[in-house]
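To be precise, the following lines are data_14.cif, and they hold mmCIF, C-alpha atoms.
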data_protein
#
loop_
_atom_site.label_atom_id
_atom_site.label_comp_id
_atom_site.auth_asym_id
_atom_site.auth_seq_id
_atom_site.Cartn_x
_atom_site.Cartn_y
_atom_site.Cartn_z
CA MET A 1 58.06 -20.02 33.42
CA SER A 2 58.37 -17.65 36.35
CA ILE A 3 56.34 -19.06 39.24
CA PRO A 4 56.47 -16.59 42.14
CA THR A 5 57.23 -17.85 45.64
CA LEU A 6 54.34 -16.92 47.91
CA THR A 7 54.61 -16.70 51.69
CA PRO A 8 51.64 -18.12 53.64
CA SER A 9 50.44 -16.85 57.02
CA LEU A 10 48.52 -19.17 59.34
CA LEU A 11 45.75 -16.85 60.58
CA HIS A 12 44.02 -19.62 62.55
CA SER A 13 45.39 -23.09 63.28
CA ALA A 14 42.86 -25.93 63.61
CA ALA A 15 44.00 -29.20 62.09
CA ASP A 16 40.62 -30.85 62.73
CA LEU A 17 38.74 -28.33 60.52
CA PRO A 18 38.70 -27.90 56.71
CA THR A 19 41.27 -25.38 55.48
CA LEU A 20 40.26 -22.14 53.80
CA VAL A 21 43.02 -20.50 51.75
CA LEU A 22 42.58 -16.71 51.61
CA GLY A 23 43.83 -14.56 48.72
CA PRO A 24 44.69 -10.84 48.71
CA SER A 25 43.78 -7.86 46.59
CA LEU A 26 46.38 -5.74 44.82
CA GLY A 27 48.10 -3.37 47.24
CA THR A 28 46.98 -5.14 50.43
CA GLY A 29 48.55 -7.58 52.85
CA SER A 30 46.41 -10.58 53.71
CA LEU A 31 46.45 -9.90 57.46
CA ALA A 32 45.01 -6.38 57.15
CA LEU A 33 42.48 -7.53 54.53
CA TRP A 34 41.30 -10.79 56.12
CA GLY A 35 42.10 -10.17 59.80
CA PRO A 36 38.70 -8.55 60.53
CA ALA A 37 36.91 -11.65 59.18
CA VAL A 38 38.92 -14.21 61.18
CA PRO A 39 36.60 -14.13 64.25
CA PHE A 40 33.65 -15.00 61.99
CA LEU A 41 35.45 -17.78 60.07
CA LYS A 42 37.62 -19.54 62.65
CA GLU A 43 34.92 -21.81 64.08
CA HIS A 44 34.50 -23.35 60.63
CA PHE A 45 38.00 -23.39 59.10
CA GLN A 46 41.70 -23.49 59.60
CA LEU A 47 42.75 -20.23 57.88
CA VAL A 48 45.82 -19.83 55.69
CA ALA A 49 46.37 -16.57 53.82
CA TRP A 50 48.94 -15.79 51.12
CA ASP A 51 50.51 -12.50 50.10
CA LEU A 52 51.27 -11.22 46.61
CA PRO A 53 54.96 -10.82 45.72
CA GLY A 54 56.33 -7.69 47.38
CA HIS A 55 53.26 -7.35 49.61
CA GLY A 56 52.86 -8.35 53.27
CA GLU A 57 55.08 -11.33 54.05
CA SER A 58 56.02 -12.31 50.47
CA ALA A 59 59.39 -11.35 49.01
CA PRO A 60 59.36 -9.06 45.93
CA SER A 61 59.31 -10.70 42.50
CA THR A 62 62.38 -10.17 40.33
CA GLU A 63 60.69 -10.78 36.97
CA GLU A 64 57.28 -10.58 35.34
CA PHE A 65 54.74 -13.39 35.77
CA SER A 66 51.30 -14.28 34.42
CA MET A 67 48.11 -15.01 36.34
CA ALA A 68 48.55 -18.69 35.44
CA GLU A 69 52.01 -18.60 37.05
CA LEU A 70 50.61 -16.86 40.13
CA ALA A 71 47.95 -19.60 40.44
CA ALA A 72 50.70 -22.22 40.10
CA GLY A 73 52.47 -20.40 42.95
CA VAL A 74 49.38 -20.89 45.15
CA ILE A 75 49.36 -24.62 44.34
CA SER A 76 53.10 -24.87 45.13
CA MET A 77 52.47 -23.12 48.47
CA VAL A 78 49.65 -25.56 49.31
CA GLN A 79 51.86 -28.55 48.43
CA ALA A 80 54.65 -27.19 50.66
CA LEU A 81 52.17 -26.79 53.55
CA GLU A 82 51.03 -30.38 53.02
CA ALA A 83 54.64 -31.57 53.05
CA ASP A 84 55.18 -29.66 56.32
CA LYS A 85 52.02 -31.31 57.77
CA VAL A 86 50.33 -27.91 58.26
CA LEU A 87 47.63 -29.13 55.87
CA THR A 88 46.25 -32.68 55.85
CA PRO A 89 46.04 -33.83 52.20
CA ALA A 90 42.77 -35.71 52.87
CA ALA A 91 41.00 -32.77 54.57
CA PRO A 92 38.67 -30.54 52.51
CA LEU A 93 40.39 -27.51 51.01
CA PHE A 94 38.54 -24.32 50.06
CA TYR A 95 39.66 -21.02 48.54
CA ALA A 96 38.41 -17.42 48.74
CA GLY A 97 40.19 -14.41 47.24
CA VAL A 98 39.54 -10.70 46.79
CA SER A 99 40.10 -8.72 43.56
CA VAL A 100 43.29 -10.18 42.00
CA GLY A 101 43.05 -12.95 44.61
CA GLY A 102 39.49 -13.58 43.39
CA ALA A 103 40.64 -13.67 39.78
CA ILE A 104 43.14 -16.31 40.92
CA ALA A 105 40.16 -18.37 42.16
CA LEU A 106 38.97 -18.54 38.53
CA GLN A 107 42.52 -19.28 37.31
CA LEU A 108 42.74 -22.15 39.83
CA ALA A 109 39.33 -23.51 38.73
CA ASN A 110 40.53 -23.32 35.12
CA ASP A 111 44.08 -24.68 35.50
CA PHE A 112 43.75 -27.00 38.53
CA PRO A 113 40.15 -28.32 38.53
CA GLY A 114 39.34 -30.23 41.70
CA ALA A 115 42.34 -28.92 43.64
CA PHE A 116 39.84 -27.05 45.84
CA ALA A 117 36.44 -28.42 46.88
CA GLY A 118 34.94 -24.96 46.29
CA LEU A 119 36.12 -21.44 45.51
CA SER A 120 34.85 -17.91 46.11
CA VAL A 121 35.56 -14.97 43.82
CA ILE A 122 35.15 -11.79 45.90
CA CYS A 123 34.95 -8.27 44.42
CA SER A 124 36.48 -9.59 41.22
CA ALA A 125 35.73 -10.64 37.65
CA ALA A 126 36.75 -12.91 34.77
CA LYS A 127 38.40 -9.81 33.26
CA ILE A 128 39.31 -6.72 35.30
CA GLY A 129 39.85 -3.36 33.65
CA THR A 130 41.71 -3.04 30.33
CA PRO A 131 45.19 -4.18 29.26
CA GLU A 132 46.06 -0.55 28.45
CA GLY A 133 44.95 0.65 31.88
CA TRP A 134 47.02 -1.98 33.69
CA THR A 135 50.09 -1.38 31.53
CA GLU A 136 49.83 2.34 32.20
CA ARG A 137 49.52 1.79 35.95
CA ALA A 138 52.44 -0.67 35.97
CA GLU A 139 54.68 1.90 34.28
CA LEU A 140 53.53 4.69 36.59
CA VAL A 141 54.09 2.75 39.83
CA ALA A 142 57.42 1.27 38.69
CA LYS A 143 58.61 4.82 38.07
CA ALA A 144 56.98 6.80 40.90
CA GLY A 145 56.21 4.19 43.60
CA THR A 146 52.93 3.05 45.15
CA PRO A 147 52.11 6.36 46.95
CA VAL A 148 51.16 7.73 43.51
CA VAL A 149 48.05 5.47 43.48
CA LEU A 150 47.14 5.98 47.14
CA ALA A 151 44.34 8.55 46.70
CA GLY A 152 42.71 6.66 43.81
CA SER A 153 42.85 3.36 45.70
CA ALA A 154 41.31 4.88 48.84
CA GLU A 155 38.43 6.08 46.67
CA ARG A 156 37.91 2.73 44.93
CA TRP A 157 38.45 0.39 47.85
CA PHE A 158 35.88 1.54 50.38
CA ALA A 159 32.16 2.24 50.47
CA PRO A 160 31.15 5.86 51.26
CA GLY A 161 31.79 6.74 54.90
CA PHE A 162 33.87 3.63 55.68
CA ILE A 163 37.22 5.42 56.15
CA GLU A 164 35.71 7.87 58.64
CA ALA A 165 33.88 5.14 60.55
CA ASN A 166 36.79 2.65 60.52
CA PRO A 167 40.05 4.61 60.64
CA VAL A 168 42.21 1.75 61.96
CA VAL A 169 41.17 -0.86 59.37
CA SER A 170 41.37 1.59 56.45
CA THR A 171 44.72 3.06 57.58
CA ASP A 172 46.25 -0.42 57.93
CA LEU A 173 45.20 -1.29 54.38
CA LEU A 174 46.47 1.99 52.92
CA HIS A 175 49.79 1.50 54.76
CA ASN A 176 50.03 -1.92 53.07
CA LEU A 177 49.76 -0.18 49.73
CA GLN A 178 52.35 2.42 50.66
CA ASP A 179 54.77 -0.32 51.82
CA ALA A 180 54.31 -2.61 48.79
CA ASP A 181 57.32 -3.09 46.53
CA ARG A 182 56.81 -0.87 43.47
CA PHE A 183 58.24 -3.35 40.95
CA ALA A 184 56.31 -6.34 42.34
CA TYR A 185 53.13 -4.21 42.28
CA ALA A 186 53.89 -3.42 38.63
CA HIS A 187 54.39 -7.15 37.92
CA VAL A 188 50.89 -7.88 39.29
CA CYS A 189 49.48 -5.11 37.06
CA GLY A 190 51.23 -6.79 34.12
CA ALA A 191 49.64 -10.14 35.02
CA LEU A 192 46.19 -8.52 35.20
CA ALA A 193 46.74 -6.88 31.80
CA GLY A 194 46.90 -10.35 30.26
CA PHE A 195 44.03 -11.86 32.27
CA ASP A 196 40.74 -12.72 30.56
CA LEU A 197 38.94 -15.96 31.42
CA ARG A 198 35.47 -14.96 30.19
CA GLU A 199 35.44 -17.54 27.40
CA ALA A 200 36.85 -20.24 29.70
CA LEU A 201 34.03 -19.97 32.27
CA PRO A 202 31.70 -22.53 30.62
CA SER A 203 34.34 -25.25 30.98
CA MET A 204 34.83 -24.67 34.74
CA THR A 205 33.15 -27.36 36.86
CA ASP A 206 34.26 -26.49 40.42
CA PRO A 207 31.61 -24.98 42.75
CA ILE A 208 32.09 -21.19 42.62
CA LEU A 209 30.52 -18.37 44.66
CA ALA A 210 30.99 -14.89 43.20
CA ILE A 211 30.48 -12.18 45.84
CA ALA A 212 30.12 -8.55 44.75
CA GLY A 213 30.03 -5.27 46.64
CA ALA A 214 27.09 -3.01 45.82
CA HIS A 215 29.40 0.04 45.85
CA ASP A 216 32.23 -1.58 43.84
CA ALA A 217 33.05 0.52 40.77
CA VAL A 218 36.04 -1.70 39.84
CA CYS A 219 34.16 -5.02 39.69
CA PRO A 220 30.43 -4.21 39.94
CA PRO A 221 27.76 -6.83 40.75
CA ALA A 222 27.23 -7.44 37.01
CA ASP A 223 30.70 -9.08 36.93
CA ALA A 224 29.71 -11.57 39.65
CA GLN A 225 26.44 -12.23 37.83
CA PHE A 226 28.38 -12.91 34.62
CA ILE A 227 30.42 -15.59 36.38
CA ALA A 228 27.25 -17.16 37.85
CA GLU A 229 25.58 -17.25 34.45
CA HIS A 230 28.51 -18.70 32.51
CA ALA A 231 30.37 -21.13 34.80
CA GLN A 232 28.70 -24.54 35.18
CA ASN A 233 28.40 -24.66 38.96
CA ALA A 234 28.43 -21.02 40.05
CA GLN A 235 26.20 -18.64 41.97
CA ALA A 236 26.38 -14.93 42.83
CA ALA A 237 25.62 -12.78 45.86
CA THR A 238 25.89 -9.04 46.56
CA ILE A 239 26.78 -7.38 49.87
CA ASP A 240 24.98 -4.02 50.09
CA THR A 241 27.42 -2.42 52.55
CA VAL A 242 30.75 -2.77 50.72
CA ALA A 243 32.80 -1.59 47.77
CA HIS A 244 35.98 -3.44 46.73
CA LEU A 245 37.41 -4.98 49.95
CA ALA A 246 34.49 -6.97 51.37
CA PRO A 247 36.27 -9.00 54.12
CA ALA A 248 37.64 -5.80 55.70
CA GLU A 249 34.55 -3.64 55.11
CA ASP A 250 31.85 -6.06 56.28
CA PRO A 251 33.64 -9.11 57.68
CA GLU A 252 30.52 -10.59 59.26
CA ALA A 253 28.43 -10.52 56.06
CA THR A 254 31.34 -11.82 53.96
CA ALA A 255 32.04 -14.66 56.40
CA ALA A 256 28.35 -15.60 56.59
CA LEU A 257 28.20 -16.09 52.81
CA LEU A 258 31.44 -18.11 52.76
CA ASN A 259 30.44 -20.28 55.75
CA GLU A 260 27.07 -21.10 54.19
CA PHE A 261 28.46 -21.80 50.71
CA PHE A 262 31.33 -24.04 51.81
CA ALA A 263 29.11 -25.86 54.36
CA SER A 264 26.65 -26.69 51.57
CA ILE A 265 29.50 -28.24 49.55
CA SER A 266 30.64 -30.31 52.55
CA GLN A 267 27.07 -31.54 53.12
CA GLU A 268 26.73 -32.53 49.45
CA LYS A 269 29.91 -34.60 49.73
CA ILE A 270 28.62 -36.37 52.87
CA ALA A 271 25.25 -37.00 51.19
#

Represent the structure contained in this file as structure tokens.
Amino acid sequence: MSIPTLTPSLLHSAADLPTLVLGPSLGTGSLALWGPAVPFLKEHFQLVAWDLPGHGESAPSTEEFSMAELAAGVISMVQALEADKVLTPAAPLFYAGVSVGGAIALQLANDFPGAFAGLSVICSAAKIGTPEGWTERAELVAKAGTPVVLAGSAERWFAPGFIEANPVVSTDLLHNLQDADRFAYAHVCGALAGFDLREALPSMTDPILAIAGAHDAVCPPADAQFIAEHAQNAQAATIDTVAHLAPAEDPEATAALLNEFFASISQEKIA
């Protein structure tokens, strides 16, 4: 097994609140992706984000890994934070991830049921793209570097007009992509090539919220609906204003859905 070591970033420290673990999308650092949403989440949660290997704060991976190994890396990171007393083992723990980070939410629900009190799958799916497409992209980026996918990513990531209206947020995210380690990026593509949890959804029991972007061509709203229809305890929502990076594109709407969903879980536990 090759379990990647993931570096967490404490985006908001509040030991008296439940902790929300935030997952990234491919090509982005968690600070640029989730930073815009922090003001709308911090009254409700302590916020811990993690970065993919070779992205943001995480060191590059030296060998290939699977999505199951990446999910195990998230669990190892959480356990290390508990050992360091950053997280209180008894406090509620929630998870929300975007794109590959959202796919990891499903992997966590599948492999580590009950580890999180609730999970959100944002702009993601139980299967993303095709194995051939991911393999092709992995080979291309390993050879030519991440700038080769810059134009295509800019097109896929953002709803029409977003880049012009939000130059700082979009530039930060595209710089993340440019700075990502090419081989680690290729390793994530390889993990996505082997990812397909569609048939596993009916056995998942954790509360799941699948959030889609109305303009998302990568993981359209039908993918979120599929999760809601097939997992035991899942629901779906669509944000009209966004494409593939909801927390950066419409942080307020994304946070509102997460706050409401996780609060409802907490209230059920108290009841």

Discussion item. With the PyMOL selection byres ((chain A and resi 63) around 9) as the selection, what would be picked from this file? Answer as a VMD selection string, please.
Written reply: chain A and resid 2 4 61 to 62 64 to 65 183 to 184 187

Can you write out as a Markdown table which residues of segment 150-249 of chain A fall within 6 Å of segment 32-51 of chain A, alongside each residue's closest atom pair and its distance in Å to one decimal, counting only C-alpha atoms and ordering rows by chain and ascending residue number?
| residue | atom | partner | partner_atom | distance |
| --- | --- | --- | --- | --- |
| A:Leu173 | CA | A:Ala32 | CA | 5.8 |
| A:Pro247 | CA | A:Trp34 | CA | 5.7 |
| A:Ala248 | CA | A:Leu33 | CA | 5.3 |

Fill in: Picked residues, the PyMOL selection byres ((chain A and resi 244) around 8), expected as a PyMOL selection string
chain A and resi 99+123+156-159+213+215-219+242-243+245-246

Please identify all polymer residues within 9 Å of Pro131 of chain A, counting all atoms listed in the file, omitting same-chain residues fewer than 4 positions from it, and present them as a PDB file with C-alpha atoms, keeping the file's coordinate frame.
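Heads up, here's the output in result.pdb:
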ATOM      1  CA  THR A 135      50.090  -1.380  31.530  1.00  0.00           C
ATOM      2  CA  GLU A 136      49.830   2.340  32.200  1.00  0.00           C
ATOM      3  CA  CYS A 189      49.480  -5.110  37.060  1.00  0.00           C
ATOM      4  CA  GLY A 190      51.230  -6.790  34.120  1.00  0.00           C
ATOM      5  CA  LEU A 192      46.190  -8.520  35.200  1.00  0.00           C
ATOM      6  CA  ALA A 193      46.740  -6.880  31.800  1.00  0.00           C
ATOM      7  CA  GLY A 194      46.900 -10.350  30.260  1.00  0.00           C
ATOM      8  CA  PHE A 195      44.030 -11.860  32.270  1.00  0.00           C
TER       9      PHE A 195
END

Worksheet entry | Contacts of Ala222 of chain A at 10 Å (only C-alpha atoms; same-chain gap of 5+ positions) as a VMD selection string | chain A and resid 125 212 214 227 to 228 236 238

Worksheet entry | From A:Gln225, A:Asn233, A:Thr146, A:Thr171, residue lying nearest Ala126 of chain A [only C-alpha atoms] |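 Of A:Gln225, A:Asn233, A:Thr146, A:Thr171, the one nearest Ala126 of chain A, counting only C-alpha atoms, is A:Gln225.
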
Discussion item. With distances taken over only C-alpha atoms, which residue among A:Leu22, A:Met67, A:Ala151, A:Ile208 lies nearest Ser120 of chain A?
Written reply: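 Of the candidates, the smallest distance to Ser120 of chain A is held by A:Ile208.
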
Within 10 Å of segment 201-207 of chain A: each segment 215-239 of chain A residue with its shortest pair, all atoms listed in the file, as JSON lines:
{"residue": "A:Phe226", "atom": "CA", "partner": "A:Leu201", "partner_atom": "CA", "distance": 9.3}
{"residue": "A:Ile227", "atom": "CA", "partner": "A:Leu201", "partner_atom": "CA", "distance": 7.0}
{"residue": "A:Ala228", "atom": "CA", "partner": "A:Leu201", "partner_atom": "CA", "distance": 9.2}
{"residue": "A:Glu229", "atom": "CA", "partner": "A:Pro202", "partner_atom": "CA", "distance": 8.9}
{"residue": "A:His230", "atom": "CA", "partner": "A:Pro202", "partner_atom": "CA", "distance": 5.3}
{"residue": "A:Ala231", "atom": "CA", "partner": "A:Leu201", "partner_atom": "CA", "distance": 4.6}
{"residue": "A:Gln232", "atom": "CA", "partner": "A:Thr205", "partner_atom": "CA", "distance": 5.5}
{"residue": "A:Asn233", "atom": "CA", "partner": "A:Pro207", "partner_atom": "CA", "distance": 5.0}
{"residue": "A:Ala234", "atom": "CA", "partner": "A:Pro207", "partner_atom": "CA", "distance": 5.8}
{"residue": "A:Gln235", "atom": "CA", "partner": "A:Pro207", "partner_atom": "CA", "distance": 8.4}

Response to the item:
Across A:Val21, A:Ala90, A:Ala165, A:Val121, the smallest distance to Leu257 of chain A, with all atoms listed in the file counted, is shown by A:Val121

Practice prompt. Give me, please, the distance in Å between atom CA of Pro53 of chain A and atom CA of Leu6 of chain A, quoted to one decimal.
Written response: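 Atom CA of Leu6 of chain A lies at a distance of 6.5 Å from atom CA of Pro53 of chain A.
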
Practice prompt. Might you pull out every residue within 7 Å of Ala142 of chain A, with all atoms listed in the file counted and same-chain residues fewer than 4 positions away left off, and present them as number ranges by chain?
Written response: A: 138, 182-183, 186

Discussion item. Ranking A:Asn259, A:Ser264, A:Thr130, A:Thr28 by minimum distance to Tyr185 of chain A and counting all atoms listed in the file, which one comes first?
Written reply: A:Thr28

Discussion item. Which residues would end up in the selection if the PyMOL selection byres ((chain A and resi 266) around 12) were applied here, given that I need the answer as a list in words?
Written reply: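 Taken on the displayed file, the PyMOL selection byres ((chain A and resi 266) around 12) yields the residues Leu17, Pro18, His44, Ala91, Pro92, Leu93, Phe94, Phe116, Ala117, Gly118, Pro207, Asn259, Glu260, Phe261, Phe262, Ala263, Ser264, Ile265, Gln267, Glu268, Lys269, Ile270 and Ala271 of chain A.
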
Worksheet item: Do you have the atom CA of Gly73 of chain A-atom CA of Thr5 of chain A distance handy?
Response: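 Atom CA of Gly73 of chain A sits 6.0 Å away from atom CA of Thr5 of chain A.
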
Worksheet item: What does the distance between atom CA of Ala253 of chain A and atom CA of Asp223 of chain A come to in Å, to one decimal place?
Response: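 These atoms are spaced 19.3 Å apart.
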
Discussion item. Here is a test: counting all atoms listed in the file, which residue of A:Pro89, A:Gly23, A:Pro251, A:Pro60 is nearest to Leu119 of chain A?
Written reply: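 Distance minimum relative to Leu119 of chain A lands on A:Gly23.
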
Taking all atoms of segment 64-81 of chain A that appear in the file, build a box with edges along x, y and z, extend it by 5 Å on every side, and state its centre and edge lengths in Å to one decimal, as JSON.
{"center_x": 52.6, "center_y": -19.6, "center_z": 44.0, "size_x": 19.3, "size_y": 28.0, "size_z": 29.1}

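Counting only C-alpha atoms and comparing A:Glu249, A:Glu155, A:Glu57, A:Glu164, the residue that lies closest to Pro8 of chain A is A:Glu57.
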
Fill in: Test item: residues at most 9 Å from Gln107 of chain A, all atoms listed in the file, excluding those fewer than 5 positions along its chain, as a ChimeraX atom specification
/A:67-68,70-71,102,112,126,197
